[in-house]
Structure formats: structure tokens, C-alpha cells
>>> print(open('upload_28.txt').read())   # compact mmCIF, C-alpha atoms
# COMPACT_ATOMS: atom_id res chain seq x y z
CA MET W 1 103.56 66.53 73.36
CA ARG W 2 105.13 64.54 76.16
CA TYR W 3 102.45 65.04 78.84
CA VAL W 4 98.65 65.12 78.90
CA ASP W 5 96.52 67.02 81.41
CA THR W 6 93.36 64.94 81.12
CA HIS W 7 91.20 67.37 83.12
CA ALA W 8 91.71 71.11 82.71
CA HIS W 9 89.46 74.16 82.74
CA LEU W 10 91.01 76.83 80.53
CA ASN W 11 87.38 77.37 79.55
CA LEU W 12 86.58 79.03 82.91
CA SER W 13 86.73 82.74 83.64
CA ALA W 14 89.89 82.31 85.73
CA PHE W 15 91.76 82.29 82.40
CA LYS W 16 89.74 84.93 80.56
CA ASP W 17 92.59 87.46 80.49
CA ASP W 18 95.54 85.25 79.52
CA VAL W 19 94.29 82.02 77.98
CA ALA W 20 96.53 82.47 74.92
CA THR W 21 99.62 82.93 77.08
CA VAL W 22 98.81 79.83 79.14
CA ALA W 23 98.10 77.76 76.02
CA GLU W 24 101.42 78.83 74.52
CA ARG W 25 103.27 77.92 77.73
CA CYS W 26 101.68 74.46 77.61
CA GLN W 27 102.91 74.00 74.06
CA GLU W 28 106.42 75.05 75.10
CA GLU W 29 106.31 72.54 77.95
CA ARG W 30 104.98 69.83 75.59
CA VAL W 31 101.69 69.46 77.46
CA ALA W 32 98.45 68.54 75.68
CA MET W 33 95.17 69.04 77.53
CA ILE W 34 91.50 68.16 77.61
CA ASN W 35 89.31 71.08 78.71
CA ILE W 36 86.18 69.89 80.48
CA GLY W 37 82.76 71.50 80.20
CA THR W 38 80.82 72.25 83.37
CA LYS W 39 77.64 73.64 81.73
CA LEU W 40 76.51 74.53 78.21
CA SER W 41 78.42 77.82 78.00
CA THR W 42 81.72 76.45 79.31
CA SER W 43 81.31 73.38 77.12
CA GLN W 44 80.97 75.67 74.11
CA ARG W 45 84.12 77.48 75.22
CA ALA W 46 85.99 74.18 75.56
CA VAL W 47 85.10 73.31 71.96
CA GLU W 48 86.27 76.74 70.79
CA LEU W 49 89.64 76.23 72.46
CA ALA W 50 89.98 72.76 70.96
CA GLU W 51 89.39 74.19 67.50
CA GLN W 52 91.81 77.05 68.14
CA TYR W 53 94.76 75.09 69.56
CA GLU W 54 96.17 71.87 68.15
CA HIS W 55 97.18 70.57 71.58
CA CYS W 56 93.69 71.11 73.10
CA TYR W 57 90.76 68.70 73.18
CA ALA W 58 87.30 69.13 74.74
CA MET W 59 84.54 67.42 76.65
CA VAL W 60 80.98 68.70 76.94
CA GLY W 61 78.71 68.17 79.90
CA LEU W 62 76.93 69.43 83.00
CA HIS W 63 78.68 69.39 86.37
CA PRO W 64 76.45 68.18 89.24
CA ILE W 65 76.83 71.46 91.14
CA GLN W 66 75.34 73.22 88.11
CA THR W 67 72.11 71.26 88.41
CA THR W 68 70.76 73.10 91.46
CA PRO W 69 70.85 76.82 92.32
CA GLY W 70 72.93 77.97 95.26
CA HIS W 71 76.13 79.63 96.37
CA HIS W 72 79.27 77.56 96.62
CA ASP W 73 82.70 77.92 98.16
CA GLU W 74 85.54 80.29 97.28
CA GLU W 75 87.34 77.66 95.22
CA GLU W 76 84.65 77.70 92.53
CA VAL W 77 85.46 80.43 90.02
CA GLY W 78 82.61 82.34 88.40
CA GLU W 79 82.29 85.40 86.21
CA GLY W 80 85.03 87.95 86.72
CA SER W 81 86.92 85.37 88.80
CA GLN W 82 84.44 85.92 91.61
CA PRO W 83 83.16 83.13 93.88
CA PHE W 84 80.93 80.81 91.88
CA THR W 85 77.15 80.71 92.14
CA SER W 86 75.22 78.11 90.16
CA LYS W 87 71.84 79.02 88.72
CA GLY W 88 70.50 75.52 88.21
CA GLU W 89 70.74 74.12 84.69
CA VAL W 90 68.96 71.10 83.25
CA PHE W 91 70.95 68.89 80.90
CA ALA W 92 69.66 69.47 77.37
CA PRO W 93 70.52 66.38 75.29
CA ASP W 94 69.80 67.98 71.91
CA GLU W 95 72.03 71.00 72.56
CA PHE W 96 74.87 68.94 73.96
CA ARG W 97 74.54 66.36 71.18
CA ALA W 98 74.89 69.12 68.57
CA LEU W 99 77.85 70.56 70.41
CA ALA W 100 79.57 67.17 70.67
CA LYS W 101 79.12 66.66 66.93
CA GLN W 102 80.43 70.13 66.13
CA SER W 103 84.07 69.11 66.37
CA SER W 104 86.07 65.90 65.99
CA LYS W 105 88.13 67.12 68.94
CA VAL W 106 85.27 66.53 71.38
CA VAL W 107 86.48 63.37 73.07
CA GLY W 108 83.99 62.74 75.84
CA ILE W 109 80.89 63.67 77.84
CA GLY W 110 81.13 65.30 81.26
CA GLU W 111 81.96 66.13 83.83
CA CYS W 112 78.94 64.51 85.37
CA GLY W 113 78.22 62.51 88.50
CA PHE W 114 77.42 63.19 92.16
CA ASP W 115 78.60 66.02 94.39
CA TYR W 116 77.60 65.53 98.01
CA TYR W 117 79.98 68.22 99.26
CA HIS W 118 78.41 71.30 97.68
CA ASN W 119 74.89 70.12 96.96
CA ALA W 120 72.19 69.67 99.59
CA ALA W 121 70.93 66.17 100.35
CA ASP W 122 67.51 66.91 98.83
CA THR W 123 69.11 67.48 95.41
CA TYR W 124 70.03 63.82 94.93
CA GLU W 125 67.20 63.01 92.54
CA VAL W 126 68.00 66.03 90.37
CA GLN W 127 71.67 65.10 90.29
CA GLU W 128 70.82 61.49 89.45
CA ALA W 129 68.48 62.42 86.60
CA ASN W 130 71.03 64.73 84.97
CA PHE W 131 73.78 62.14 85.46
CA ILE W 132 71.79 59.39 83.76
CA GLU W 133 70.86 61.64 80.82
CA GLN W 134 74.54 62.33 80.19
CA ILE W 135 75.39 58.65 80.34
CA LYS W 136 72.68 57.97 77.77
CA LEU W 137 74.16 60.59 75.44
CA ALA W 138 77.65 59.15 75.89
CA ASN W 139 76.28 55.69 75.08
CA GLU W 140 74.56 57.03 71.96
CA LEU W 141 77.64 58.88 70.69
CA GLN W 142 80.06 56.19 71.86
CA LEU W 143 82.13 58.72 73.77
CA PRO W 144 83.80 58.08 77.15
CA LEU W 145 82.54 59.70 80.34
CA MET W 146 84.31 62.11 82.68
CA ILE W 147 82.99 61.42 86.17
CA HIS W 148 82.86 63.87 89.08
CA THR W 149 82.55 62.30 92.54
CA ARG W 150 82.75 64.19 95.80
CA GLU W 151 81.93 63.00 99.30
CA PRO W 152 80.01 65.07 101.90
CA LYS W 153 81.73 67.54 104.21
CA PRO W 154 83.34 65.88 107.28
CA GLY W 155 80.69 64.91 109.79
CA GLU W 156 77.83 65.13 107.30
CA ALA W 157 75.91 62.19 105.87
CA SER W 158 75.38 61.53 102.19
CA PRO W 159 71.80 61.65 100.85
CA THR W 160 71.84 57.87 100.37
CA GLY W 161 73.80 56.98 103.49
CA ARG W 162 76.53 55.51 101.24
CA SER W 163 79.78 56.67 99.72
CA ALA W 164 79.45 58.86 96.64
CA TYR W 165 81.84 56.42 94.93
CA ASP W 166 79.50 53.52 95.62
CA ASP W 167 76.52 55.48 94.27
CA VAL W 168 78.45 56.49 91.14
CA TYR W 169 79.54 52.89 90.63
CA ASP W 170 75.98 51.58 90.80
CA ILE W 171 74.75 54.14 88.26
CA LEU W 172 77.60 53.42 85.86
CA LYS W 173 77.21 49.66 86.17
CA THR W 174 73.49 49.98 85.48
CA TYR W 175 73.49 52.50 82.63
CA ALA W 176 76.93 52.96 81.02
CA THR W 177 77.96 50.97 77.96
CA VAL W 178 81.03 53.13 77.36
CA PRO W 179 84.23 53.47 79.42
CA GLY W 180 85.37 56.61 81.19
CA ASN W 181 87.44 58.15 83.94
CA ILE W 182 86.82 58.88 87.62
CA HIS W 183 88.46 62.28 87.88
CA PHE W 184 90.20 63.75 90.97
CA TYR W 185 90.22 60.29 92.52
CA ALA W 186 90.12 60.28 96.33
CA GLY W 187 88.59 56.89 97.11
CA SER W 188 90.10 53.63 98.27
CA TYR W 189 91.98 51.10 96.17
CA GLU W 190 89.10 48.65 96.60
CA GLN W 191 86.70 51.20 95.11
CA ALA W 192 89.16 51.97 92.30
CA LYS W 193 89.41 48.27 91.50
CA ARG W 194 85.63 48.07 91.07
CA PHE W 195 85.72 50.93 88.56
CA ILE W 196 88.64 49.37 86.70
CA ASP W 197 86.73 46.11 86.47
CA ILE W 198 83.89 47.83 84.56
CA GLY W 199 86.23 49.61 82.15
CA PHE W 200 86.95 52.88 83.96
CA THR W 201 90.23 54.56 84.86
CA VAL W 202 91.08 56.92 87.72
CA SER W 203 93.04 60.15 87.65
CA PHE W 204 95.12 61.98 90.22
CA THR W 205 95.67 65.70 90.74
CA GLY W 206 98.30 67.91 92.35
CA VAL W 207 96.88 66.94 95.74
CA ILE W 208 99.14 63.87 95.68
CA THR W 209 102.19 66.17 95.81
CA PHE W 210 101.31 67.41 99.29
CA ALA W 211 98.91 64.84 100.84
CA GLN W 212 100.57 61.55 101.72
CA VAL W 213 97.20 59.86 102.30
CA TYR W 214 96.93 59.25 98.53
CA GLU W 215 100.25 57.48 98.13
CA GLU W 216 98.98 53.99 99.01
CA VAL W 217 96.26 54.20 96.34
CA VAL W 218 98.63 55.64 93.72
CA ARG W 219 101.07 52.84 94.45
CA ALA W 220 98.37 50.16 94.20
CA VAL W 221 96.52 51.25 91.05
CA PRO W 222 98.23 49.80 87.95
CA LEU W 223 99.86 52.52 85.87
CA GLU W 224 97.90 51.35 82.81
CA PHE W 225 94.63 52.40 84.46
CA MET W 226 95.46 55.90 85.66
CA HIS W 227 95.86 59.45 84.37
CA ALA W 228 97.43 62.68 85.59
CA GLU W 229 95.41 65.89 85.71
CA THR W 230 95.47 69.37 87.23
CA ASP W 231 91.75 70.29 87.49
CA CYS W 232 93.14 73.79 86.91
CA PRO W 233 92.58 76.46 88.10
CA TYR W 234 92.21 74.49 91.34
CA VAL W 235 94.63 72.57 93.62
CA ALA W 236 98.00 73.64 92.27
CA PRO W 237 100.71 71.07 93.08
CA VAL W 238 103.92 71.64 94.98
CA PRO W 239 105.90 73.85 94.28
CA TYR W 240 103.04 76.08 93.05
CA ARG W 241 100.63 75.74 95.97
CA GLY W 242 98.50 78.82 96.55
CA GLN W 243 98.72 79.87 92.90
CA ARG W 244 96.21 79.45 90.11
CA ALA W 245 96.98 76.03 88.65
CA GLU W 246 97.77 75.77 84.93
CA PRO W 247 97.74 72.67 82.70
CA TRP W 248 101.50 72.44 82.39
CA TYR W 249 101.67 71.93 86.17
CA VAL W 250 100.62 68.35 85.35
CA ILE W 251 104.34 67.67 84.93
CA GLU W 252 104.64 67.78 88.73
CA VAL W 253 101.81 65.26 89.10
CA VAL W 254 103.52 62.88 86.67
CA ARG W 255 106.80 63.36 88.53
CA LYS W 256 105.11 62.51 91.85
CA ILE W 257 103.44 59.39 90.42
CA ALA W 258 106.85 58.24 89.18
CA MET W 259 108.40 58.86 92.60
CA ILE W 260 105.64 56.98 94.45
CA LYS W 261 105.88 54.02 92.09
CA GLY W 262 109.68 54.01 91.92
CA LEU W 263 109.69 54.38 88.14
CA ASP W 264 111.53 56.60 85.71
CA GLU W 265 109.56 59.75 84.92
CA SER W 266 109.89 59.23 81.17
CA VAL W 267 108.38 55.75 81.48
CA VAL W 268 105.44 57.09 83.47
CA ALA W 269 104.89 60.03 81.10
CA ALA W 270 104.87 57.71 78.08
CA GLN W 271 102.40 55.28 79.68
CA LEU W 272 100.05 58.06 80.82
CA ARG W 273 100.08 59.56 77.34
CA SER W 274 99.27 56.14 75.91
CA ASN W 275 96.44 55.72 78.43
CA ALA W 276 94.87 59.02 77.32
CA GLU W 277 95.19 58.10 73.67
CA ARG W 278 93.54 54.72 74.28
CA LEU W 279 90.61 56.01 76.34
CA TYR W 280 89.85 59.13 74.35
CA GLY W 281 90.64 57.82 70.87
CA ILE W 282 93.18 60.51 70.09
CA HIS W 283 96.70 60.60 68.71
CA ILE W 284 98.98 63.07 70.43
CA GLU W 285 101.97 64.20 68.40
CA LYS W 286 105.13 63.42 70.35
>>> encode(input="upload_28.txt", output="C-alpha cells")
Amino acid sequence: MRYVDTHAHLNLSAFKDDVATVAERCQEERVAMINIGTKLSTSQRAVELAEQYEHCYAMVGLHPIQTTPGHHDEEEVGEGSQPFTSKGEVFAPDEFRALAKQSSKVVGIGECGFDYYHNAADTYEVQEANFIEQIKLANELQLPLMIHTREPKPGEASPTGRSAYDDVYDILKTYATVPGNIHFYAGSYEQAKRFIDIGFTVSFTGVITFAQVYEEVVRAVPLEFMHAETDCPYVAPVPYRGQRAEPWYVIEVVRKIAMIKGLDESVVAAQLRSNAERLYGIHIEK
């Protein structure tokens, strides 16, 4: 495996009809992946995939938009590939602990954190409580965290009046004794530096292939503290925009990071693979 997609969702219903085909294509393209749980059922599915495919790993956790009931936007894929509606799930430490211990290929807890884009302002306390419980489990099991952070819609205020990144930082600094990754990073370099200083990395998606606003941050963050991801089935990179993203599309993200940093793609791919191995305690066959 030459590449690692550190945040994929082959465990969602968007891949229910062709997951084997996509997994095989990833193997052909030499792409390993970590499938991330969003609730108990998708976490279970992530573990199943990790056990089924040598180049798959898993994380188990509860996404913040799963913590409160409500309808969300068209980008969230639910049953039958229909628009996603959360039912409101409470993080169950005993069930997730058992699931994490079920397989040696479970490499982290999450994704967890704050979502101020989809969730209403009055859900902050529920999000916070579920977030802290997952951090506690990660601390107990000595597994890294996968952090979800999303700012409010343009023109709307956050429930705390602060950036979601600042709120996530404060919670991690207070409660986390393990490292982790800030996935789908869209904050400033100054915010990224604060996370790096407490042992966290940041990861970039296919958005960097078509949105120049991220280039300054990608250029500034040291290569040793970043990862490439797809967040598939969302945000397919150029030249696949508008399609369902697949884990092997991470090659385009790695290529773009190399271009922005003025480095050889093979050098970047090797360092990113090493970063994933270091953070998640895995050895990826090359």
C-alpha cells in the first residue's frame, strides 16, 4: 500500500451495492483506508470491513449530528442512499468499548466533536456530553481520537459565540490524554498549530483540489503533522467532482499536497503513510 485514506466511509449505505468492487479497486491502486464509524451500527460495519479486507482498518464512535434528532442536508447519505435523517443516539460506552475490543484493527475512537452547521444551537450540551464520553473511552483504551469540527452556516452564530475549533480545542486540552486527528481541516494555521502543540494532527480532503483558500494552510502545516483523506462518499476531488467519492481518490489529495508544497509526490506519499502508521499504531504493507 502506497497511500492511506485516513477517513473513509465504505461503511455507509452509499456503498451497499458495490463495496467489494470499491475495496478491490483500492487494493489495485495500493490504497489502504480507515473506515470511520458515525453511530453504533456503522461502527459495527466498519469493524466488519476491517476484518474482511487486509487493507481496511476501523474506528468506532458517534458523530455529533447523530446525537440529536432532525433532518439534515442532501450530502448526508442515509438508508437506501436517501437524504440522511438522524434519530438521536446516546453514546453507550459499554457497547462501544466491546466493539473496540472486538478487533485489533480498530485503531481509534470517533468521529466525535462539535457540529454547529447541522445541529441547532440548543444541542450544544448534548453534543458536549457525548464528545466527552468518547474522549474518556479513548483515554481508557489508549486509542487516538478522530475529531469532527464544523462551523455554523454563513451568517449564523455558534452556540458559544466562538469558533467550533476553539471549543474543540478547549475540550481536548481539558479531557484528552491521547493524541488524535482533526479531520476535514478547514481552520486557520494558528488554530492548527494549537492542535499540533497538544499532540494532534490535521487532515485535508479533496476540497483542496478545487478551493484555493486552503493552500496557505496546507503550505504552512508541517508535512509530518498532516494526513490525506477523502471523507468518501462526500467531496470528490478534481477530476471526479460531482461523483461519489471513493477511497482511492485520496491519490489526488496527496498529489495536490505535493504540488502546493513543491515536493515530489512519492516523498509526500511516503511521509503521509508514515504519519498514519505513527498515529494509529499500524504497519501498512508497502
>>> residues_around(input="upload_28.txt", residues="W:Arg25", least_positions_apart="6", cutoff="12 Å", atoms="all atoms listed in the file", output="PyMOL selection string")
chain W and resi 18-19+31-32+55+246-249
>>> write_last_selection(input="upload_28.txt", atoms="C-alpha atoms", output="CSV table (one decimal), in the frame of the given file")
chain,number,residue,atom,x,y,z
W,18,ASP,CA,95.5,85.2,79.5
W,19,VAL,CA,94.3,82.0,78.0
W,31,VAL,CA,101.7,69.5,77.5
W,32,ALA,CA,98.4,68.5,75.7
W,55,HIS,CA,97.2,70.6,71.6
W,246,GLU,CA,97.8,75.8,84.9
W,247,PRO,CA,97.7,72.7,82.7
W,248,TRP,CA,101.5,72.4,82.4
W,249,TYR,CA,101.7,71.9,86.2
>>> closest_residue(input="upload_28.txt", among="W:His9, W:Lys136, W:Arg30, W:Lys101", to="W:Ala46", atoms="only C-alpha atoms")
W:His9
>>> closest_residue(input="upload_28.txt", among="W:Pro239, W:Pro222, W:Pro154, W:Pro69", to="W:Ser203", atoms="all atoms listed in the file")
W:Pro222
>>> residues_around(input="upload_28.txt", residues="W:Asn275", least_positions_apart="5", cutoff="10 Å", atoms="only C-alpha atoms", output="VMD selection string")
chain W and resid 4 201 223 to 227 269 to 270 280 to 281
>>> residues_near_point(input="upload_28.txt", point="(76.3, 59.8, 92.5)", cutoff="6 Å", atoms="all atoms listed in the file", output="PDB file with C-alpha atoms, in the coordinates of the input")
ATOM      1  CA  GLY W 113      78.220  62.510  88.500  1.00  0.00           C
ATOM      2  CA  PHE W 114      77.420  63.190  92.160  1.00  0.00           C
ATOM      3  CA  ALA W 164      79.450  58.860  96.640  1.00  0.00           C
ATOM      4  CA  ASP W 167      76.520  55.480  94.270  1.00  0.00           C
ATOM      5  CA  VAL W 168      78.450  56.490  91.140  1.00  0.00           C
TER       6      VAL W 168
END
>>> atom_distance(input="upload_28.txt", atom1="atom CA of W:Leu263", atom2="atom CA of W:Asp197")
24.5 Å
>>> residues_around(input="upload_28.txt", residues="stretch 181-189 of chain W", least_positions_apart="4", cutoff="8 Å", atoms="only C-alpha atoms", output="mmCIF file with C-alpha atoms, in the coordinates of the input")
data_model
loop_
_atom_site.group_PDB
_atom_site.id
_atom_site.type_symbol
_atom_site.label_atom_id
_atom_site.label_comp_id
_atom_site.auth_asym_id
_atom_site.auth_seq_id
_atom_site.Cartn_x
_atom_site.Cartn_y
_atom_site.Cartn_z
ATOM 1 C CA HIS W 7 91.200 67.370 83.120
ATOM 2 C CA PRO W 144 83.800 58.080 77.150
ATOM 3 C CA LEU W 145 82.540 59.700 80.340
ATOM 4 C CA MET W 146 84.310 62.110 82.680
ATOM 5 C CA ILE W 147 82.990 61.420 86.170
ATOM 6 C CA HIS W 148 82.860 63.870 89.080
ATOM 7 C CA THR W 149 82.550 62.300 92.540
ATOM 8 C CA TYR W 165 81.840 56.420 94.930
ATOM 9 C CA LYS W 193 89.410 48.270 91.500
ATOM 10 C CA PHE W 200 86.950 52.880 83.960
ATOM 11 C CA THR W 201 90.230 54.560 84.860
ATOM 12 C CA VAL W 202 91.080 56.920 87.720
ATOM 13 C CA SER W 203 93.040 60.150 87.650
ATOM 14 C CA PHE W 204 95.120 61.980 90.220
ATOM 15 C CA THR W 205 95.670 65.700 90.740
ATOM 16 C CA TYR W 214 96.930 59.250 98.530
ATOM 17 C CA VAL W 217 96.260 54.200 96.340
ATOM 18 C CA ALA W 220 98.370 50.160 94.200
ATOM 19 C CA VAL W 221 96.520 51.250 91.050
ATOM 20 C CA GLU W 229 95.410 65.890 85.710
ATOM 21 C CA ASP W 231 91.750 70.290 87.490
#
>>> residues_around(input="upload_28.txt", residues="stretch 119-121 of chain W", least_positions_apart="3", cutoff="6 Å", atoms="only C-alpha atoms", output="mmCIF file with C-alpha atoms, in the frame of the given file")
data_model
loop_
_atom_site.group_PDB
_atom_site.id
_atom_site.type_symbol
_atom_site.label_atom_id
_atom_site.label_comp_id
_atom_site.auth_asym_id
_atom_site.auth_seq_id
_atom_site.Cartn_x
_atom_site.Cartn_y
_atom_site.Cartn_z
ATOM 1 C CA TYR W 116 77.600 65.530 98.010
ATOM 2 C CA TYR W 124 70.030 63.820 94.930
ATOM 3 C CA PRO W 159 71.800 61.650 100.850
#
>>> closest_residue(input="upload_28.txt", among="W:Glu48, W:Glu277, W:Glu265, W:Glu151", to="W:Leu99", atoms="only C-alpha atoms")
W:Glu48
>>> closest_residue(input="upload_28.txt", among="W:Gln102, W:Gln27, W:Gln127, W:Thr174", to="W:Glu54", atoms="only C-alpha atoms")
W:Gln27
>>> residues_around(input="upload_28.txt", residues="W:Thr68", least_positions_apart="3", cutoff="8 Å", atoms="all atoms listed in the file", output="ChimeraX atom specification")
/W:64-65,86-89,119,123,126
>>> axis_aligned_box(input="upload_28.txt", around="stretch 177-185 of chain W", padding_each_side="4 Å", output="lines of an AutoDock Vina configuration file")
center_x = 84.1
center_y = 57.4
center_z = 84.9
size_x = 20.3
size_y = 20.8
size_z = 23.2
>>> closest_residue(input="upload_28.txt", among="W:Val107, W:Val268, W:Leu12, W:Ala100", to="W:Ile34", atoms="all atoms listed in the file")
W:Val107
>>> closest_residue(input="upload_28.txt", among="W:Ala211, W:Ile109, W:Val250, W:Val238", to="W:Glu29", atoms="all atoms listed in the file")
W:Val250
>>> atom_distance(input="upload_28.txt", atom1="atom CA of W:Pro237", atom2="atom CA of W:Val207")
6.2 Å
>>> residues_near_point(input="upload_28.txt", point="(79.7, 59.9, 79.1)", cutoff="10 Å", atoms="only C-alpha atoms", output="JSON, numbers by chain")
{"W": [59, 60, 61, 107, 108, 109, 110, 111, 112, 113, 131, 132, 133, 134, 135, 136, 137, 138, 139, 140, 141, 142, 143, 144, 145, 146, 147, 172, 176, 177, 178, 179, 180, 181]}
>>> write_last_selection(input="upload_28.txt", atoms="C-alpha atoms", output="PDB file, keeping the file's coordinate frame")
ATOM      1  CA  MET W  59      84.540  67.420  76.650  1.00  0.00           C
ATOM      2  CA  VAL W  60      80.980  68.700  76.940  1.00  0.00           C
ATOM      3  CA  GLY W  61      78.710  68.170  79.900  1.00  0.00           C
ATOM      4  CA  VAL W 107      86.480  63.370  73.070  1.00  0.00           C
ATOM      5  CA  GLY W 108      83.990  62.740  75.840  1.00  0.00           C
ATOM      6  CA  ILE W 109      80.890  63.670  77.840  1.00  0.00           C
ATOM      7  CA  GLY W 110      81.130  65.300  81.260  1.00  0.00           C
ATOM      8  CA  GLU W 111      81.960  66.130  83.830  1.00  0.00           C
ATOM      9  CA  CYS W 112      78.940  64.510  85.370  1.00  0.00           C
ATOM     10  CA  GLY W 113      78.220  62.510  88.500  1.00  0.00           C
ATOM     11  CA  PHE W 131      73.780  62.140  85.460  1.00  0.00           C
ATOM     12  CA  ILE W 132      71.790  59.390  83.760  1.00  0.00           C
ATOM     13  CA  GLU W 133      70.860  61.640  80.820  1.00  0.00           C
ATOM     14  CA  GLN W 134      74.540  62.330  80.190  1.00  0.00           C
ATOM     15  CA  ILE W 135      75.390  58.650  80.340  1.00  0.00           C
ATOM     16  CA  LYS W 136      72.680  57.970  77.770  1.00  0.00           C
ATOM     17  CA  LEU W 137      74.160  60.590  75.440  1.00  0.00           C
ATOM     18  CA  ALA W 138      77.650  59.150  75.890  1.00  0.00           C
ATOM     19  CA  ASN W 139      76.280  55.690  75.080  1.00  0.00           C
ATOM     20  CA  GLU W 140      74.560  57.030  71.960  1.00  0.00           C
ATOM     21  CA  LEU W 141      77.640  58.880  70.690  1.00  0.00           C
ATOM     22  CA  GLN W 142      80.060  56.190  71.860  1.00  0.00           C
ATOM     23  CA  LEU W 143      82.130  58.720  73.770  1.00  0.00           C
ATOM     24  CA  PRO W 144      83.800  58.080  77.150  1.00  0.00           C
ATOM     25  CA  LEU W 145      82.540  59.700  80.340  1.00  0.00           C
ATOM     26  CA  MET W 146      84.310  62.110  82.680  1.00  0.00           C
ATOM     27  CA  ILE W 147      82.990  61.420  86.170  1.00  0.00           C
ATOM     28  CA  LEU W 172      77.600  53.420  85.860  1.00  0.00           C
ATOM     29  CA  ALA W 176      76.930  52.960  81.020  1.00  0.00           C
ATOM     30  CA  THR W 177      77.960  50.970  77.960  1.00  0.00           C
ATOM     31  CA  VAL W 178      81.030  53.130  77.360  1.00  0.00           C
ATOM     32  CA  PRO W 179      84.230  53.470  79.420  1.00  0.00           C
ATOM     33  CA  GLY W 180      85.370  56.610  81.190  1.00  0.00           C
ATOM     34  CA  ASN W 181      87.440  58.150  83.940  1.00  0.00           C
TER      35      ASN W 181
END
>>> decode(input="upload_28.txt", residues="stretch 159-178 of chain W", atoms="N, CA and C atoms", output="PDB file, in the first residue's frame")
ATOM      1  N   PRO W 159     -23.224  28.289  19.077  1.00  0.00           N
ATOM      2  CA  PRO W 159     -23.920  28.305  20.379  1.00  0.00           C
ATOM      3  C   PRO W 159     -23.098  28.914  21.505  1.00  0.00           C
ATOM      4  N   THR W 160     -21.779  28.976  21.333  1.00  0.00           N
ATOM      5  CA  THR W 160     -20.918  29.540  22.375  1.00  0.00           C
ATOM      6  C   THR W 160     -20.413  30.929  22.014  1.00  0.00           C
ATOM      7  N   GLY W 161     -20.701  31.355  20.777  1.00  0.00           N
ATOM      8  CA  GLY W 161     -20.171  32.631  20.315  1.00  0.00           C
ATOM      9  C   GLY W 161     -18.711  32.557  19.912  1.00  0.00           C
ATOM     10  N   ARG W 162     -18.158  31.350  19.831  1.00  0.00           N
ATOM     11  CA  ARG W 162     -16.748  31.137  19.479  1.00  0.00           C
ATOM     12  C   ARG W 162     -16.662  30.181  18.298  1.00  0.00           C
ATOM     13  N   SER W 163     -15.467  30.065  17.754  1.00  0.00           N
ATOM     14  CA  SER W 163     -15.230  29.108  16.688  1.00  0.00           C
ATOM     15  C   SER W 163     -15.386  27.686  17.215  1.00  0.00           C
ATOM     16  N   ALA W 164     -15.926  26.800  16.378  1.00  0.00           N
ATOM     17  CA  ALA W 164     -16.016  25.389  16.755  1.00  0.00           C
ATOM     18  C   ALA W 164     -14.627  24.824  17.030  1.00  0.00           C
ATOM     19  N   TYR W 165     -13.614  25.306  16.302  1.00  0.00           N
ATOM     20  CA  TYR W 165     -12.247  24.827  16.520  1.00  0.00           C
ATOM     21  C   TYR W 165     -11.746  25.223  17.901  1.00  0.00           C
ATOM     22  N   ASP W 166     -12.091  26.410  18.352  1.00  0.00           N
ATOM     23  CA  ASP W 166     -11.671  26.831  19.687  1.00  0.00           C
ATOM     24  C   ASP W 166     -12.371  26.008  20.762  1.00  0.00           C
ATOM     25  N   ASP W 167     -13.660  25.703  20.551  1.00  0.00           N
ATOM     26  CA  ASP W 167     -14.394  24.896  21.521  1.00  0.00           C
ATOM     27  C   ASP W 167     -13.856  23.471  21.566  1.00  0.00           C
ATOM     28  N   VAL W 168     -13.558  22.896  20.405  1.00  0.00           N
ATOM     29  CA  VAL W 168     -12.975  21.557  20.351  1.00  0.00           C
ATOM     30  C   VAL W 168     -11.623  21.546  21.055  1.00  0.00           C
ATOM     31  N   TYR W 169     -10.819  22.551  20.791  1.00  0.00           N
ATOM     32  CA  TYR W 169      -9.500  22.636  21.410  1.00  0.00           C
ATOM     33  C   TYR W 169      -9.598  22.636  22.935  1.00  0.00           C
ATOM     34  N   ASP W 170     -10.504  23.444  23.469  1.00  0.00           N
ATOM     35  CA  ASP W 170     -10.634  23.539  24.920  1.00  0.00           C
ATOM     36  C   ASP W 170     -11.045  22.203  25.536  1.00  0.00           C
ATOM     37  N   ILE W 171     -11.966  21.494  24.879  1.00  0.00           N
ATOM     38  CA  ILE W 171     -12.399  20.187  25.383  1.00  0.00           C
ATOM     39  C   ILE W 171     -11.248  19.194  25.334  1.00  0.00           C
ATOM     40  N   LEU W 172     -10.526  19.156  24.229  1.00  0.00           N
ATOM     41  CA  LEU W 172      -9.411  18.218  24.109  1.00  0.00           C
ATOM     42  C   LEU W 172      -8.323  18.523  25.131  1.00  0.00           C
ATOM     43  N   LYS W 173      -8.008  19.792  25.287  1.00  0.00           N
ATOM     44  CA  LYS W 173      -6.947  20.175  26.227  1.00  0.00           C
ATOM     45  C   LYS W 173      -7.327  19.822  27.665  1.00  0.00           C
ATOM     46  N   THR W 174      -8.614  19.876  27.947  1.00  0.00           N
ATOM     47  CA  THR W 174      -9.095  19.590  29.300  1.00  0.00           C
ATOM     48  C   THR W 174      -9.194  18.095  29.581  1.00  0.00           C
ATOM     49  N   TYR W 175      -9.661  17.327  28.597  1.00  0.00           N
ATOM     50  CA  TYR W 175     -10.012  15.931  28.861  1.00  0.00           C
ATOM     51  C   TYR W 175      -9.114  14.887  28.197  1.00  0.00           C
ATOM     52  N   ALA W 176      -8.527  15.167  27.050  1.00  0.00           N
ATOM     53  CA  ALA W 176      -7.829  14.122  26.300  1.00  0.00           C
ATOM     54  C   ALA W 176      -6.416  13.876  26.821  1.00  0.00           C
ATOM     55  N   THR W 177      -6.099  12.604  27.003  1.00  0.00           N
ATOM     56  CA  THR W 177      -4.727  12.205  27.337  1.00  0.00           C
ATOM     57  C   THR W 177      -4.115  11.398  26.205  1.00  0.00           C
ATOM     58  N   VAL W 178      -4.849  11.278  25.112  1.00  0.00           N
ATOM     59  CA  VAL W 178      -4.366  10.570  23.924  1.00  0.00           C
ATOM     60  C   VAL W 178      -4.301  11.562  22.761  1.00  0.00           C
TER      61      VAL W 178
END
